[in-house]
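Structure record follows, encoded as structure tokens.
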Amino acid sequence: VQLQASGGGLVQVGDSLRLSCQAFGRTIGNFGMGWFRQAPGKEREFVAGISRSGINTYYTDSVKGRFTSSRDNAKNTVYLQMNSLKPEDTAVYYCAAKEDLNTIVVFTIAQQYDYWGQGTLVTVSS
């Protein structure tokens with residue numbers, strides 16, 4: 001499966017952005033999906049994940065209450081709604097897909113994922 005992330009950009013503190021990750025070649029209904037980010041000089045970190053069924057989501061503490069992950073299997077797309085953006089959210093955001101039979105688990109470790117998108121840059125200016 002190929003993943004294409006989009007929706008990044010330059011925004012001000014407190015603004016919102018919605019990232020999209022569209023899959024090609026396979027249906028994302030077979031995959032648990034995740035969002036990771038990598039800031040300059042830092043390691044890639046888990047941001048949010050959504051189970052294959054969409055029933056369960058999980059977020060890193062720093063984005064809880066501000067970010068929401070969702071999926072539309074009919075559009076083969078997952079989303080990351082980011083509200084109340086902060087300068088520390090500045091990073092390249094990557095979507096990832098993990099093929100698994102389990103429909104309710106959220107995968108939070110990068111090494112668990114099988115496929116990665118190319119990343120989209122989010123810059124939050126103060």
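In the structure tokens, chains take the letters A, B, ... in the order shown, each chain's residues start at 1, and ligands count up from 1 in the order shown.
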- request: Using only C-alpha atoms, determine which residues lie at most 7 Å from Val78 (chain A), disregarding the query and same-chain residues fewer than 2 positions distant; provide the list as a ChimeraX atom specification.
  value: /A:20-22,70-72
Residues from the last selection, C-alpha atoms, saved as a compact mmCIF listing (two decimals), in the first residue's frame:
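Done, and the output landed in selection15.txt:
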# COMPACT_ATOMS: atom_id res chain seq x y z
CA SER A 20 -5.07 13.63 5.56
CA CYS A 21 -3.46 10.34 4.66
CA GLN A 22 -4.85 8.62 1.61
CA SER A 70 -10.39 9.51 12.51
CA ARG A 71 -10.78 7.32 9.49
CA ASP A 72 -13.08 7.04 6.50
task: List the neighbours of Phe67 (chain A) out to 7 Å using only C-alpha atoms; skip same-chain residues closer than 5 positions along the sequence, and give me the result as a PyMOL selection string.
output: chain A and resi 80-83
Residues just named, written with N, CA, C and O atoms as a compact mmCIF listing (two decimals), in the first residue's frame:
# COMPACT_ATOMS: atom_id res chain seq x y z
N LEU A 80 -6.03 13.51 10.76
CA LEU A 80 -5.56 13.97 12.05
C LEU A 80 -5.98 15.43 12.17
O LEU A 80 -5.39 16.31 11.52
N GLN A 81 -7.00 15.66 12.96
CA GLN A 81 -7.46 17.02 13.22
C GLN A 81 -6.63 17.59 14.36
O GLN A 81 -6.59 17.02 15.45
N MET A 82 -5.97 18.70 14.10
CA MET A 82 -5.08 19.30 15.09
C MET A 82 -5.60 20.69 15.44
O MET A 82 -5.66 21.57 14.57
N ASN A 83 -5.98 20.87 16.67
CA ASN A 83 -6.48 22.14 17.16
C ASN A 83 -5.53 22.74 18.18
O ASN A 83 -4.67 22.04 18.73
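Residues in contact with Gly65 (chain A) at 12 Å, where only C-alpha atoms are counted and same-chain residues fewer than 3 positions away are skipped, are listed as Ala48, Tyr58, Tyr59, Thr60, Asp61, Ser62, Thr68, Ser69, Gln81, Met82, Asn83, Ser84 and Leu85 of chain A.
When CA of Asn56 (chain A) is paired with CA of Val106 (chain A), their separation reads 6.7 Å.
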query: In region 1-125 of chain A, what's helix (DSSP H, G or I) per DSSP? Answer as a ChimeraX atom specification?
result: /A:28-30,61-63,73-75,87-89,110-112
Selected residues written out, N, CA, C and O atoms, as a PDB file, in the first residue's frame:
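Written file, result_23.pdb:
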ATOM      1  N   ILE A  28      -7.601   0.479   3.394  1.00  0.00           N
ATOM      2  CA  ILE A  28      -7.084   0.708   4.746  1.00  0.00           C
ATOM      3  C   ILE A  28      -7.914  -0.002   5.795  1.00  0.00           C
ATOM      4  O   ILE A  28      -7.546  -0.033   6.964  1.00  0.00           O
ATOM      5  N   GLY A  29      -9.034  -0.572   5.369  1.00  0.00           N
ATOM      6  CA  GLY A  29      -9.833  -1.339   6.314  1.00  0.00           C
ATOM      7  C   GLY A  29      -9.085  -2.514   6.909  1.00  0.00           C
ATOM      8  O   GLY A  29      -9.480  -3.048   7.950  1.00  0.00           O
ATOM      9  N   ASN A  30      -8.006  -2.910   6.290  1.00  0.00           N
ATOM     10  CA  ASN A  30      -7.194  -4.011   6.793  1.00  0.00           C
ATOM     11  C   ASN A  30      -6.062  -3.567   7.699  1.00  0.00           C
ATOM     12  O   ASN A  30      -5.272  -4.386   8.166  1.00  0.00           O
ATOM     13  N   ASP A  61       0.561  12.068  25.277  1.00  0.00           N
ATOM     14  CA  ASP A  61       0.031  12.990  26.276  1.00  0.00           C
ATOM     15  C   ASP A  61       0.025  14.443  25.812  1.00  0.00           C
ATOM     16  O   ASP A  61      -0.901  15.199  26.121  1.00  0.00           O
ATOM     17  N   SER A  62       1.027  14.820  25.064  1.00  0.00           N
ATOM     18  CA  SER A  62       1.164  16.230  24.704  1.00  0.00           C
ATOM     19  C   SER A  62       0.094  16.717  23.727  1.00  0.00           C
ATOM     20  O   SER A  62      -0.073  17.932  23.559  1.00  0.00           O
ATOM     21  N   VAL A  63      -0.638  15.800  23.101  1.00  0.00           N
ATOM     22  CA  VAL A  63      -1.661  16.225  22.143  1.00  0.00           C
ATOM     23  C   VAL A  63      -3.067  15.846  22.582  1.00  0.00           C
ATOM     24  O   VAL A  63      -4.040  16.187  21.901  1.00  0.00           O
ATOM     25  N   ASN A  73     -13.033   4.734   5.859  1.00  0.00           N
ATOM     26  CA  ASN A  73     -12.575   3.613   5.043  1.00  0.00           C
ATOM     27  C   ASN A  73     -13.130   3.676   3.617  1.00  0.00           C
ATOM     28  O   ASN A  73     -12.494   3.199   2.679  1.00  0.00           O
ATOM     29  N   ALA A  74     -14.302   4.276   3.468  1.00  0.00           N
ATOM     30  CA  ALA A  74     -14.886   4.389   2.129  1.00  0.00           C
ATOM     31  C   ALA A  74     -14.026   5.271   1.225  1.00  0.00           C
ATOM     32  O   ALA A  74     -13.970   5.062   0.011  1.00  0.00           O
ATOM     33  N   LYS A  75     -13.345   6.244   1.850  1.00  0.00           N
ATOM     34  CA  LYS A  75     -12.462   7.135   1.096  1.00  0.00           C
ATOM     35  C   LYS A  75     -11.015   6.687   1.184  1.00  0.00           C
ATOM     36  O   LYS A  75     -10.122   7.346   0.647  1.00  0.00           O
ATOM     37  N   PRO A  87       3.838  25.938  19.137  1.00  0.00           N
ATOM     38  CA  PRO A  87       5.132  25.878  18.427  1.00  0.00           C
ATOM     39  C   PRO A  87       5.796  24.511  18.536  1.00  0.00           C
ATOM     40  O   PRO A  87       6.451  24.070  17.591  1.00  0.00           O
ATOM     41  N   GLU A  88       5.613  23.842  19.659  1.00  0.00           N
ATOM     42  CA  GLU A  88       6.231  22.528  19.846  1.00  0.00           C
ATOM     43  C   GLU A  88       5.595  21.427  19.005  1.00  0.00           C
ATOM     44  O   GLU A  88       6.084  20.308  18.972  1.00  0.00           O
ATOM     45  N   ASP A  89       4.506  21.753  18.322  1.00  0.00           N
ATOM     46  CA  ASP A  89       3.911  20.802  17.381  1.00  0.00           C
ATOM     47  C   ASP A  89       4.593  20.856  16.012  1.00  0.00           C
ATOM     48  O   ASP A  89       4.287  20.040  15.144  1.00  0.00           O
ATOM     49  N   ALA A 110       6.767   2.680  16.331  1.00  0.00           N
ATOM     50  CA  ALA A 110       7.068   2.848  14.920  1.00  0.00           C
ATOM     51  C   ALA A 110       7.453   1.527  14.250  1.00  0.00           C
ATOM     52  O   ALA A 110       7.043   1.262  13.110  1.00  0.00           O
ATOM     53  N   GLN A 111       8.180   0.702  14.973  1.00  0.00           N
ATOM     54  CA  GLN A 111       8.658  -0.552  14.383  1.00  0.00           C
ATOM     55  C   GLN A 111       7.523  -1.536  14.091  1.00  0.00           C
ATOM     56  O   GLN A 111       7.717  -2.508  13.368  1.00  0.00           O
ATOM     57  N   GLN A 112       6.362  -1.282  14.660  1.00  0.00           N
ATOM     58  CA  GLN A 112       5.228  -2.155  14.407  1.00  0.00           C
ATOM     59  C   GLN A 112       4.603  -1.915  13.031  1.00  0.00           C
ATOM     60  O   GLN A 112       3.898  -2.767  12.518  1.00  0.00           O
TER      61      GLN A 112
END
- request: Find the residues near region 5-9 of chain A: any atom within 12 Å, counting only C-alpha atoms, skip ones fewer than 5 places away on the same chain, and give them as a PyMOL selection string.
  value: chain A and resi 15-24+34-37+77-82+85+89-97+116-125
Quick one: DSSP strand (DSSP E or B) residues in region 22-116 of chain A, as a PDB file with N, CA and C atoms, in the first residue's frame?
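That gives us part08.pdb:
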ATOM      1  N   GLN A  22      -4.081   9.460   2.518  1.00  0.00           N
ATOM      2  CA  GLN A  22      -4.848   8.618   1.614  1.00  0.00           C
ATOM      3  C   GLN A  22      -4.012   7.421   1.203  1.00  0.00           C
ATOM      4  N   ALA A  23      -4.652   6.272   1.182  1.00  0.00           N
ATOM      5  CA  ALA A  23      -3.967   5.033   0.820  1.00  0.00           C
ATOM      6  C   ALA A  23      -4.313   4.643  -0.599  1.00  0.00           C
ATOM      7  N   PHE A  24      -3.332   4.078  -1.265  1.00  0.00           N
ATOM      8  CA  PHE A  24      -3.502   3.601  -2.631  1.00  0.00           C
ATOM      9  C   PHE A  24      -3.001   2.163  -2.730  1.00  0.00           C
ATOM     10  N   PHE A  31      -5.989  -2.246   7.941  1.00  0.00           N
ATOM     11  CA  PHE A  31      -4.824  -1.701   8.629  1.00  0.00           C
ATOM     12  C   PHE A  31      -5.207  -0.877   9.847  1.00  0.00           C
ATOM     13  N   GLY A  32      -4.423  -1.054  10.904  1.00  0.00           N
ATOM     14  CA  GLY A  32      -4.392  -0.054  11.950  1.00  0.00           C
ATOM     15  C   GLY A  32      -3.530   1.089  11.451  1.00  0.00           C
ATOM     16  N   MET A  33      -3.900   2.310  11.789  1.00  0.00           N
ATOM     17  CA  MET A  33      -3.219   3.471  11.244  1.00  0.00           C
ATOM     18  C   MET A  33      -2.631   4.321  12.367  1.00  0.00           C
ATOM     19  N   GLY A  34      -1.540   4.980  12.058  1.00  0.00           N
ATOM     20  CA  GLY A  34      -0.899   5.824  13.063  1.00  0.00           C
ATOM     21  C   GLY A  34      -0.336   7.095  12.467  1.00  0.00           C
ATOM     22  N   TRP A  35      -0.135   8.060  13.320  1.00  0.00           N
ATOM     23  CA  TRP A  35       0.519   9.310  12.965  1.00  0.00           C
ATOM     24  C   TRP A  35       1.749   9.473  13.860  1.00  0.00           C
ATOM     25  N   PHE A  36       2.836   9.814  13.247  1.00  0.00           N
ATOM     26  CA  PHE A  36       4.082  10.093  13.945  1.00  0.00           C
ATOM     27  C   PHE A  36       4.586  11.449  13.489  1.00  0.00           C
ATOM     28  N   ARG A  37       5.503  11.999  14.260  1.00  0.00           N
ATOM     29  CA  ARG A  37       6.101  13.257  13.840  1.00  0.00           C
ATOM     30  C   ARG A  37       7.578  13.275  14.216  1.00  0.00           C
ATOM     31  N   GLN A  38       8.299  14.082  13.468  1.00  0.00           N
ATOM     32  CA  GLN A  38       9.726  14.242  13.739  1.00  0.00           C
ATOM     33  C   GLN A  38      10.081  15.710  13.617  1.00  0.00           C
ATOM     34  N   GLU A  45       8.482  10.457  16.831  1.00  0.00           N
ATOM     35  CA  GLU A  45       7.669  10.084  17.978  1.00  0.00           C
ATOM     36  C   GLU A  45       6.229   9.787  17.566  1.00  0.00           C
ATOM     37  N   PHE A  46       5.616   8.921  18.315  1.00  0.00           N
ATOM     38  CA  PHE A  46       4.211   8.596  18.102  1.00  0.00           C
ATOM     39  C   PHE A  46       3.354   9.784  18.502  1.00  0.00           C
ATOM     40  N   VAL A  47       2.342  10.071  17.701  1.00  0.00           N
ATOM     41  CA  VAL A  47       1.411  11.154  17.994  1.00  0.00           C
ATOM     42  C   VAL A  47       0.009  10.608  18.272  1.00  0.00           C
ATOM     43  N   ALA A  48      -0.510   9.810  17.350  1.00  0.00           N
ATOM     44  CA  ALA A  48      -1.879   9.331  17.468  1.00  0.00           C
ATOM     45  C   ALA A  48      -2.021   8.054  16.664  1.00  0.00           C
ATOM     46  N   GLY A  49      -2.976   7.251  17.095  1.00  0.00           N
ATOM     47  CA  GLY A  49      -3.256   6.035  16.357  1.00  0.00           C
ATOM     48  C   GLY A  49      -4.729   5.700  16.422  1.00  0.00           C
ATOM     49  N   ILE A  50      -5.174   4.945  15.439  1.00  0.00           N
ATOM     50  CA  ILE A  50      -6.563   4.533  15.393  1.00  0.00           C
ATOM     51  C   ILE A  50      -6.600   3.076  14.986  1.00  0.00           C
ATOM     52  N   THR A  57      -8.890   4.848  19.720  1.00  0.00           N
ATOM     53  CA  THR A  57      -7.825   5.784  19.374  1.00  0.00           C
ATOM     54  C   THR A  57      -6.926   5.958  20.588  1.00  0.00           C
ATOM     55  N   TYR A  58      -5.733   6.438  20.316  1.00  0.00           N
ATOM     56  CA  TYR A  58      -4.787   6.672  21.409  1.00  0.00           C
ATOM     57  C   TYR A  58      -3.882   7.818  21.013  1.00  0.00           C
ATOM     58  N   TYR A  59      -3.540   8.640  22.002  1.00  0.00           N
ATOM     59  CA  TYR A  59      -2.756   9.834  21.723  1.00  0.00           C
ATOM     60  C   TYR A  59      -1.616   9.963  22.706  1.00  0.00           C
ATOM     61  N   PHE A  67      -5.748  16.971  19.570  1.00  0.00           N
ATOM     62  CA  PHE A  67      -5.712  16.244  18.301  1.00  0.00           C
ATOM     63  C   PHE A  67      -6.750  15.137  18.315  1.00  0.00           C
ATOM     64  N   THR A  68      -7.307  14.893  17.132  1.00  0.00           N
ATOM     65  CA  THR A  68      -8.270  13.808  16.987  1.00  0.00           C
ATOM     66  C   THR A  68      -7.966  13.034  15.708  1.00  0.00           C
ATOM     67  N   SER A  69      -7.851  11.738  15.852  1.00  0.00           N
ATOM     68  CA  SER A  69      -7.629  10.876  14.692  1.00  0.00           C
ATOM     69  C   SER A  69      -8.942  10.220  14.289  1.00  0.00           C
ATOM     70  N   SER A  70      -9.188  10.157  13.007  1.00  0.00           N
ATOM     71  CA  SER A  70     -10.395   9.512  12.512  1.00  0.00           C
ATOM     72  C   SER A  70     -10.070   8.824  11.188  1.00  0.00           C
ATOM     73  N   ARG A  71     -11.002   8.011  10.742  1.00  0.00           N
ATOM     74  CA  ARG A  71     -10.779   7.323   9.487  1.00  0.00           C
ATOM     75  C   ARG A  71     -12.076   7.214   8.712  1.00  0.00           C
ATOM     76  N   ASP A  72     -11.955   7.239   7.403  1.00  0.00           N
ATOM     77  CA  ASP A  72     -13.079   7.040   6.498  1.00  0.00           C
ATOM     78  C   ASP A  72     -12.653   5.944   5.531  1.00  0.00           C
ATOM     79  N   THR A  77      -9.025   6.835   3.615  1.00  0.00           N
ATOM     80  CA  THR A  77      -8.293   7.980   4.143  1.00  0.00           C
ATOM     81  C   THR A  77      -8.415   8.035   5.664  1.00  0.00           C
ATOM     82  N   VAL A  78      -7.329   8.411   6.293  1.00  0.00           N
ATOM     83  CA  VAL A  78      -7.357   8.719   7.719  1.00  0.00           C
ATOM     84  C   VAL A  78      -7.015  10.189   7.896  1.00  0.00           C
ATOM     85  N   TYR A  79      -7.462  10.740   8.998  1.00  0.00           N
ATOM     86  CA  TYR A  79      -7.305  12.162   9.245  1.00  0.00           C
ATOM     87  C   TYR A  79      -6.698  12.389  10.626  1.00  0.00           C
ATOM     88  N   LEU A  80      -6.028  13.509  10.756  1.00  0.00           N
ATOM     89  CA  LEU A  80      -5.561  13.973  12.053  1.00  0.00           C
ATOM     90  C   LEU A  80      -5.981  15.432  12.165  1.00  0.00           C
ATOM     91  N   GLN A  81      -7.005  15.663  12.956  1.00  0.00           N
ATOM     92  CA  GLN A  81      -7.458  17.023  13.218  1.00  0.00           C
ATOM     93  C   GLN A  81      -6.635  17.594  14.355  1.00  0.00           C
ATOM     94  N   MET A  82      -5.971  18.701  14.104  1.00  0.00           N
ATOM     95  CA  MET A  82      -5.081  19.300  15.092  1.00  0.00           C
ATOM     96  C   MET A  82      -5.595  20.689  15.439  1.00  0.00           C
ATOM     97  N   ALA A  91       6.774  20.049  13.156  1.00  0.00           N
ATOM     98  CA  ALA A  91       7.448  18.793  12.809  1.00  0.00           C
ATOM     99  C   ALA A  91       6.986  18.347  11.431  1.00  0.00           C
ATOM    100  N   VAL A  92       7.667  17.359  10.921  1.00  0.00           N
ATOM    101  CA  VAL A  92       7.161  16.624   9.762  1.00  0.00           C
ATOM    102  C   VAL A  92       6.288  15.497  10.306  1.00  0.00           C
ATOM    103  N   TYR A  93       5.078  15.436   9.812  1.00  0.00           N
ATOM    104  CA  TYR A  93       4.122  14.433  10.266  1.00  0.00           C
ATOM    105  C   TYR A  93       4.030  13.319   9.233  1.00  0.00           C
ATOM    106  N   TYR A  94       4.085  12.099   9.737  1.00  0.00           N
ATOM    107  CA  TYR A  94       4.027  10.916   8.893  1.00  0.00           C
ATOM    108  C   TYR A  94       2.828  10.057   9.275  1.00  0.00           C
ATOM    109  N   CYS A  95       2.178   9.504   8.273  1.00  0.00           N
ATOM    110  CA  CYS A  95       1.175   8.494   8.562  1.00  0.00           C
ATOM    111  C   CYS A  95       1.782   7.122   8.279  1.00  0.00           C
ATOM    112  N   ALA A  96       1.240   6.127   8.964  1.00  0.00           N
ATOM    113  CA  ALA A  96       1.764   4.775   8.840  1.00  0.00           C
ATOM    114  C   ALA A  96       0.629   3.776   8.933  1.00  0.00           C
ATOM    115  N   ALA A  97       0.852   2.610   8.355  1.00  0.00           N
ATOM    116  CA  ALA A  97      -0.164   1.573   8.312  1.00  0.00           C
ATOM    117  C   ALA A  97       0.403   0.256   8.800  1.00  0.00           C
ATOM    118  N   LYS A  98      -0.377  -0.410   9.618  1.00  0.00           N
ATOM    119  CA  LYS A  98       0.003  -1.707  10.168  1.00  0.00           C
ATOM    120  C   LYS A  98      -1.072  -2.717   9.814  1.00  0.00           C
ATOM    121  N   GLU A  99      -0.706  -3.686   8.962  1.00  0.00           N
ATOM    122  CA  GLU A  99      -1.673  -4.703   8.586  1.00  0.00           C
ATOM    123  C   GLU A  99      -1.776  -5.725   9.709  1.00  0.00           C
ATOM    124  N   TYR A 115       4.019   0.189   6.630  1.00  0.00           N
ATOM    125  CA  TYR A 115       4.081   1.130   5.519  1.00  0.00           C
ATOM    126  C   TYR A 115       4.068   2.552   6.054  1.00  0.00           C
ATOM    127  N   TRP A 116       4.769   3.428   5.334  1.00  0.00           N
ATOM    128  CA  TRP A 116       4.887   4.824   5.750  1.00  0.00           C
ATOM    129  C   TRP A 116       4.638   5.755   4.577  1.00  0.00           C
TER     130      TRP A 116
END
- request: In Å, rounded to a single decimal, give me how far CA of Gln2 (chain A) is from CA of Ile109 (chain A).
  value: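 That distance, rounded to one decimal, is 19.5 Å.
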